[in-house]
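Novice: Below is one structure. I have some questions about it.
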Amino acid sequence: MSEAERKKVIFSGIQPTGVFTLGNYVGAIRNWGPLQDEYDCIYSIVDEHAITVRRDPVKFRQQTVEGYALLLACGIDPKKSIAFIQSHNPNHAQLSWILGCVTQFGELSRMTQFKDKAAKHADDINAGLFTYPVLMAADILTYNADVVPIGDDQRQHLELARNIAVRFNQRYGETFTVPEAYIPKVGARIKSLQDPTKKMSKSDDNPNATIFILDDKDTIMRKFKRAVTDSETEIRYAEGKDGINNLLTIYSCATGKTVQDAEKEFSGFGYGDFKAAVGEAVADWLEPVRTEYARLMDDKAYLKQCWTDGAQRAFRLSNKIYAKACRKIGFVDYR
Ligand code: ATP
Ligand code: LTN
């Protein structure tokens with residue numbers, strides 16, 4: 001197949017650390033489904049990344065199954081894409097070791113996610129937390145992915161993955177594709193509803209800060225009603241109006257309208273009515289995901305069949321590239 005005929009490859013992953021948030025959905029996953037026709041897509045529940053923070057094994061196993069079901073409920077079709085669980089393909093961790101040997105301690109020390117998580121989990125700053133971005137590079141490079149859809153917070157990790165690929169290629173000869181980030185223009189960093197200077201996160205301690213994509217309508221309405229805004233009255237996108245900016249962004253993503261159109265639509269409205277309209281729009285938007293999730297969780301045999309098939313396809317595909325990296329680096333062949 002010529003280079004022009006080959007579909008470009010997409011890889012992305014999400015950690016099974018709880019129900020996905022509106023931030024995960026807007027910044028990343030809602031884009032994954034529509035990319036399936038144009039690209040060869042590989043999507044993973046990255047359970048190996050998740051153990052960099054200590055977890056209860058029983059809950060973690062359950063969350064991984066739920067995460068996989070959520071992925072499909074968000075529109076990932078396991079026939080069109082490869083949808084699998086990271087730990088089912090050993091090539092990620094294996095390649096990660098090799099890539100770690102072309103990554104500098106100084107580079108990893110500069111990663112802001114490491115600094116944030118190290119501060120948050122000061123009693124468990126383990127080596128996995130430190131080398132987390134190397135495993136992420138391995139996820140991407142072991143499929144020679146061209147494009148990686150992510151939210152804005154992962155920009156630095158993707159930049160590191162690119163540097164690792166370039167360095168490996170320079171040292172050992174052309175092996176890895178240098179991946180590009182795909183970051184949405186609107187919604188790349190959805191903010192917490194309680195502190196709109198911080199990103200909305202799965203692991204926020206304040207339950208009102210985060211919309212989870214399985215929240216029911218009443219919960220969604222209540223959380224938006226309590227969203228922190230400012231002491232003005234005008235609904236417009238402007239510097240210093242982080243809360244309103246965040247709500248306008250969310251409304252725009254949920255309805256497909258531009259932020260400018262949303263400003264016009266709500267001109268003269270009070271914050272209370274605006275928040276209720278955002279809540280309605282988000283609840284309607286997420287409803288099909290909730291319904292599909294419930295259906296899938298009722299059919300565990302189907303889910304298992306999908307992730308088993310996904311693991312086999314992922315393994316086969318990544319083997320070629322992993323074997324090439326081993327050859328280039330000088331490991332003795334045995335196959
Ligand atoms: P945690 O809070 O457990 O660290 P997380 O919510 O950041 O997790 P991840 O699994 O690390 O979730 O991220 C999955 C994807 O969602 C990534 O591509 C990430 O960039 C994106 N993402 C996460 N939070 C947001 C957000 N607030 N706005 C936009 N995109 C986001
Ligand atoms: N580190 C990412 C999740 C992740 C990922 C990946 C994203 C792991 N491996 C590969 C894109 C490509 C996060 O925390 N959001």
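Ordered as shown in the structure tokens, chains take letters A, B, and onward, while each chain numbers its residues from 1 and ligands are numbered from 1 in the order shown.
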What's around Thr142 (chain A) at 10 Å? Count only C-alpha atoms, leave out sequence neighbours fewer than 2 positions away in its own chain, and write the answer as a list in words.

Specialist: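 Contacts, with the query itself left out: Phe11, Asn91, His92, Gln94, Leu95, Ser96, Ala137, Ala138, Asp139, Ile140, Asn144, Ala145, Thr175, Phe176, Thr177, Ala314, Phe315, Leu317, Ser318, Asn319, Lys320, Ile321, Tyr322, Ala323, Lys324 and Ala325 of chain A.
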
Novice: Which polymer residues have any atom within 10 Å of an atom of Ile76 (chain A), counting only C-alpha atoms, with same-chain residues fewer than 2 positions away left out, as a PyMOL selection string?

Specialist: chain A and resi 29-30+32-36+41-43+68-74+78-83

Novice: Could you list, as a list in words, all protein and nucleic acid residues with an atom at most 8 Å from ligand 2, counting only C-alpha atoms and all ligand atoms?

Specialist: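 The neighbouring residues of ligand 2 are, in order, Phe11, Ser12, Gly13, Ile14, Gln15, Ser44, Val46, His49, Tyr132, Pro133, Leu135, Met136, Ala137, Asp139, Ile140, Val148, Pro149, Ile150, Gly151, Asp153, Gln154, His157 and Leu158 of chain A.
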
Novice: Kindly assemble as CSV a list of the chain A residues that lie within 9 Å of ligand 1, each paired with its nearest atom pair and their distance in Å to one decimal, using only C-alpha atoms and all ligand atoms, sorted first by chain and then by ascending residue number.

Specialist:
residue,atom,partner,partner_atom_place_in_ligand_line,distance
A:Ser12,CA,ligand 1,18 (O),7.2
A:Gly13,CA,ligand 1,14 (C),6.6
A:Ile14,CA,ligand 1,10 (O),3.9
A:Gln15,CA,ligand 1,10 (O),3.9
A:Pro16,CA,ligand 1,10 (O),6.8
A:Thr17,CA,ligand 1,3 (O),5.3
A:Gly18,CA,ligand 1,3 (O),7.4
A:Phe20,CA,ligand 1,6 (O),6.8
A:Thr21,CA,ligand 1,6 (O),6.4
A:Leu22,CA,ligand 1,27 (N),7.5
A:Gly23,CA,ligand 1,26 (C),3.7
A:Asn24,CA,ligand 1,16 (O),3.6
A:Tyr25,CA,ligand 1,16 (O),6.8
A:Val26,CA,ligand 1,29 (C),6.0
A:Gly27,CA,ligand 1,30 (N),3.4
A:Ala28,CA,ligand 1,18 (O),4.9
A:Ile29,CA,ligand 1,16 (O),7.0
A:Ile45,CA,ligand 1,10 (O),8.5
A:Val46,CA,ligand 1,10 (O),7.9
A:His49,CA,ligand 1,10 (O),8.9
A:Ala50,CA,ligand 1,3 (O),7.8
A:Gln113,CA,ligand 1,4 (O),8.6
A:Lys117,CA,ligand 1,4 (O),8.3
A:Val148,CA,ligand 1,18 (O),8.7
A:Pro149,CA,ligand 1,18 (O),6.6
A:Ile150,CA,ligand 1,18 (O),3.5
A:Gly151,CA,ligand 1,20 (O),3.1
A:Asp152,CA,ligand 1,20 (O),5.5
A:Asp153,CA,ligand 1,20 (O),5.0
A:Gln154,CA,ligand 1,20 (O),4.9
A:Arg155,CA,ligand 1,20 (O),7.8
A:Ile183,CA,ligand 1,20 (O),8.5
A:Pro184,CA,ligand 1,29 (C),8.9
A:Gly187,CA,ligand 1,29 (C),6.0
A:Ala188,CA,ligand 1,29 (C),4.4
A:Arg189,CA,ligand 1,28 (N),3.4
A:Ile190,CA,ligand 1,28 (N),3.8
A:Lys191,CA,ligand 1,27 (N),5.5
A:Ser192,CA,ligand 1,27 (N),7.2
A:Lys198,CA,ligand 1,27 (N),8.1
A:Lys199,CA,ligand 1,27 (N),4.4
A:Met200,CA,ligand 1,27 (N),4.0
A:Ser201,CA,ligand 1,2 (O),4.1
A:Lys202,CA,ligand 1,2 (O),4.0
A:Ser203,CA,ligand 1,2 (O),4.4
A:Asp204,CA,ligand 1,2 (O),6.9

Novice: Limited to C-alpha atoms, could you put the picked residues into a file as an mmCIF file, in the first residue's frame?

Specialist:
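File produced: part05.cif:
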data_model
loop_
_atom_site.group_PDB
_atom_site.id
_atom_site.type_symbol
_atom_site.label_atom_id
_atom_site.label_comp_id
_atom_site.auth_asym_id
_atom_site.auth_seq_id
_atom_site.Cartn_x
_atom_site.Cartn_y
_atom_site.Cartn_z
ATOM 1 C CA SER A 12 -5.689 8.005 22.591
ATOM 2 C CA GLY A 13 -6.246 6.773 26.111
ATOM 3 C CA ILE A 14 -8.164 7.518 29.261
ATOM 4 C CA GLN A 15 -7.561 6.307 32.808
ATOM 5 C CA PRO A 16 -10.159 4.135 34.559
ATOM 6 C CA THR A 17 -10.107 6.341 37.631
ATOM 7 C CA GLY A 18 -13.871 6.883 37.893
ATOM 8 C CA PHE A 20 -15.608 10.263 32.976
ATOM 9 C CA THR A 21 -16.241 13.952 33.508
ATOM 10 C CA LEU A 22 -17.758 16.550 31.248
ATOM 11 C CA GLY A 23 -14.130 17.779 30.866
ATOM 12 C CA ASN A 24 -12.946 14.388 29.578
ATOM 13 C CA TYR A 25 -15.939 14.268 27.249
ATOM 14 C CA VAL A 26 -15.639 17.769 25.820
ATOM 15 C CA GLY A 27 -11.838 17.923 25.726
ATOM 16 C CA ALA A 28 -11.215 14.443 24.403
ATOM 17 C CA ILE A 29 -13.728 11.595 24.023
ATOM 18 C CA ILE A 45 -8.415 2.266 28.874
ATOM 19 C CA VAL A 46 -4.994 2.960 30.359
ATOM 20 C CA HIS A 49 -1.197 4.594 34.122
ATOM 21 C CA ALA A 50 -3.887 4.522 36.796
ATOM 22 C CA GLN A 113 1.448 16.798 35.966
ATOM 23 C CA LYS A 117 0.469 14.739 41.494
ATOM 24 C CA VAL A 148 -3.294 11.962 19.286
ATOM 25 C CA PRO A 149 -6.585 13.609 20.354
ATOM 26 C CA ILE A 150 -6.157 14.994 23.879
ATOM 27 C CA GLY A 151 -7.196 17.864 26.123
ATOM 28 C CA ASP A 152 -4.900 20.809 26.719
ATOM 29 C CA ASP A 153 -3.459 19.404 29.972
ATOM 30 C CA GLN A 154 -1.710 16.631 28.011
ATOM 31 C CA ARG A 155 0.099 18.970 25.623
ATOM 32 C CA ILE A 183 -6.506 19.556 20.659
ATOM 33 C CA PRO A 184 -9.995 21.042 20.165
ATOM 34 C CA GLY A 187 -13.372 23.117 25.186
ATOM 35 C CA ALA A 188 -9.760 21.930 25.475
ATOM 36 C CA ARG A 189 -9.780 22.813 29.180
ATOM 37 C CA ILE A 190 -13.142 22.695 30.920
ATOM 38 C CA LYS A 191 -12.907 24.286 34.357
ATOM 39 C CA SER A 192 -14.184 23.203 37.759
ATOM 40 C CA LYS A 198 -8.750 25.003 37.973
ATOM 41 C CA LYS A 199 -9.432 22.221 35.448
ATOM 42 C CA MET A 200 -12.486 20.028 35.999
ATOM 43 C CA SER A 201 -11.084 16.735 37.289
ATOM 44 C CA LYS A 202 -12.387 13.259 38.106
ATOM 45 C CA SER A 203 -10.595 13.315 41.405
ATOM 46 C CA ASP A 204 -11.823 16.681 42.763
#

Novice: Can you list, as a count of residues only, every residue of region 9-229 of chain A that DSSP puts in helix (DSSP H, G or I)?

Specialist: 110

Novice: Skip Ser252 (chain A) itself and residues of its chain fewer than 2 positions away, then list as a list in words all residues within 10 Å of it, counting only C-alpha atoms.

Specialist: Val186, Gly187, Asn246, Leu247, Leu248, Thr249, Ile250, Ala254, Thr255, Gly256, Lys257, Thr258, Val259, Gln260, Asp261, Ala262, Glu263, Val278 and Ala281 of chain A

Novice: In terms of the shortest atom-to-atom distance over only C-alpha atoms, which of A:Leu214, A:Cys326, A:Ala311, A:Met221 is closest to Ser87 (chain A)?

Specialist: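 Among the listed residues, A:Ala311 lies closest to Ser87 (chain A).
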
Novice: Using only C-alpha atoms, which of A:Val58, A:Ala165, A:Leu193, A:Ala283 sits nearest Val134 (chain A)?

Specialist: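 Among A:Val58, A:Ala165, A:Leu193, A:Ala283, it is A:Ala165 that comes nearest to Val134 (chain A).
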
Novice: Which is closest to Asp242 (chain A) among A:Pro207, A:Ile220, A:Asp195, A:Lys264, if we use only C-alpha atoms?

Specialist: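 Counting only C-alpha atoms, the residue closest to Asp242 (chain A) is A:Asp195.
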
Novice: In Å to one decimal, how far is CA of Asp273 (chain A) from CA of Ile235 (chain A)?

Specialist: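 Answer for the CA of Ile235 (chain A) to CA of Asp273 (chain A) separation: 10.8 Å.
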
Novice: Point out the residue among A:Thr197, A:Asn169, A:Asn31, A:Asn208 with the least atom-to-atom distance to Asn245 (chain A), counting only C-alpha atoms.

Specialist: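 Counting only C-alpha atoms, the residue closest to Asn245 (chain A) is A:Thr197.
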